[in-house]
Amino acid sequence: MLFRSVSDLDGRTGRLRPKLMQRGKSEFLVYHPNALADGKAARVDATKTARMRLDLKDAPGSFQVEWFRAFDGVTAKADTIQGAAEREFVAPWKGQDVVLRLYSERR
């Protein structure tokens with residue numbers, strides 16, 4: 001397992017920050033809660049769009065990008081990106097918690 005960093009572009013930390021899971025250098029899943037507050041009741045921030053930065057410096061090659069809306073499972077494809085750098089991502093939906101999936105065709 002390689003360590004990658006993911007951060008919220010609006011400065012959210014702790015339980016409010018995005019969470020990263022990965023499979024080697026070929027697949028990355030990031031869950032962003034887009035949370036309004038860090039409390040017992042989960043509520044998304046309806047005024048914000050989830051934005052994040054992902055460190056792909058050690059993951060060269062091209063990656064397909066997919067977004068999943070956690071609330072209802074709606075998906076959206078995005079442009080293919082190149083790894084080997086830090087990349088910024090903005091969810092296609094405002095006021096939603098999201099999952100970002102990057103995967104390499106060369107698995």
# chains A, B, ... in the order shown; residues from 1 in each chain; ligands from 1
call {"tool": "residues_around", "arguments": {"residues": "stretch 4-16 of chain A", "least_positions_apart": "5", "cutoff": "6 Å", "atoms": "only C-alpha atoms", "output": "number ranges by chain"}}
result
A: 35, 51-55
call {"tool": "atom_distance", "arguments": {"atom1": "atom CA of A:Ser26", "atom2": "atom CA of A:Tyr103"}}
result
5.6 Å
call {"tool": "closest_residue", "arguments": {"among": "A:Gly61, A:Ala42, A:Leu29, A:Arg69", "to": "A:Lys94", "atoms": "only C-alpha atoms"}}
result
A:Arg69
call {"tool": "closest_residue", "arguments": {"among": "A:Ala41, A:Lys48, A:Asp58, A:Pro33", "to": "A:Leu20", "atoms": "only C-alpha atoms"}}
result
A:Pro33
call {"tool": "atom_distance", "arguments": {"atom1": "atom CA of A:Ala91", "atom2": "atom CA of A:Phe68"}}
result
9.1 Å
call {"tool": "residues_around", "arguments": {"residues": "A:Val65", "least_positions_apart": "3", "cutoff": "10 Å", "atoms": "only C-alpha atoms", "output": "list in words"}}
result
Phe28, Ser62, Ala76, Lys77, Ala78, Asp79, Thr80, Ile81, Phe89, Leu100, Arg101, Leu102, Tyr103 and Ser104 of chain A
call {"tool": "write_last_selection", "arguments": {"atoms": "C-alpha atoms", "output": "compact mmCIF listing (two decimals), in the first residue's frame"}}
result
# COMPACT_ATOMS: atom_id res chain seq x y z
CA PHE A 28 -8.02 5.44 -6.24
CA SER A 62 -3.44 8.16 -17.62
CA ALA A 76 -20.80 11.17 -14.09
CA LYS A 77 -17.71 10.61 -16.19
CA ALA A 78 -15.05 13.29 -16.47
CA ASP A 79 -12.07 13.83 -18.75
CA THR A 80 -9.11 11.45 -18.58
CA ILE A 81 -6.22 12.92 -16.59
CA PHE A 89 -10.91 17.89 -8.68
CA LEU A 100 -14.32 10.16 -6.86
CA ARG A 101 -12.87 7.13 -8.67
CA LEU A 102 -9.67 7.22 -10.71
CA TYR A 103 -8.59 4.07 -12.48
CA SER A 104 -5.93 3.13 -14.96
call {"tool": "atom_distance", "arguments": {"atom1": "atom CA of A:Gln96", "atom2": "atom CA of A:Ala37"}}
result
13.8 Å
call {"tool": "select_by_dssp", "arguments": {"residues": "chain A", "states": "strand (DSSP E)", "output": "ChimeraX atom specification"}}
result
/A:6-8,19-23,27-32,49-55,62-69,75-82,86-94,98-103
call {"tool": "closest_residue", "arguments": {"among": "A:Arg17, A:Val98, A:Gln82, A:Arg87", "to": "A:Asp38", "atoms": "only C-alpha atoms"}}
result
A:Arg17
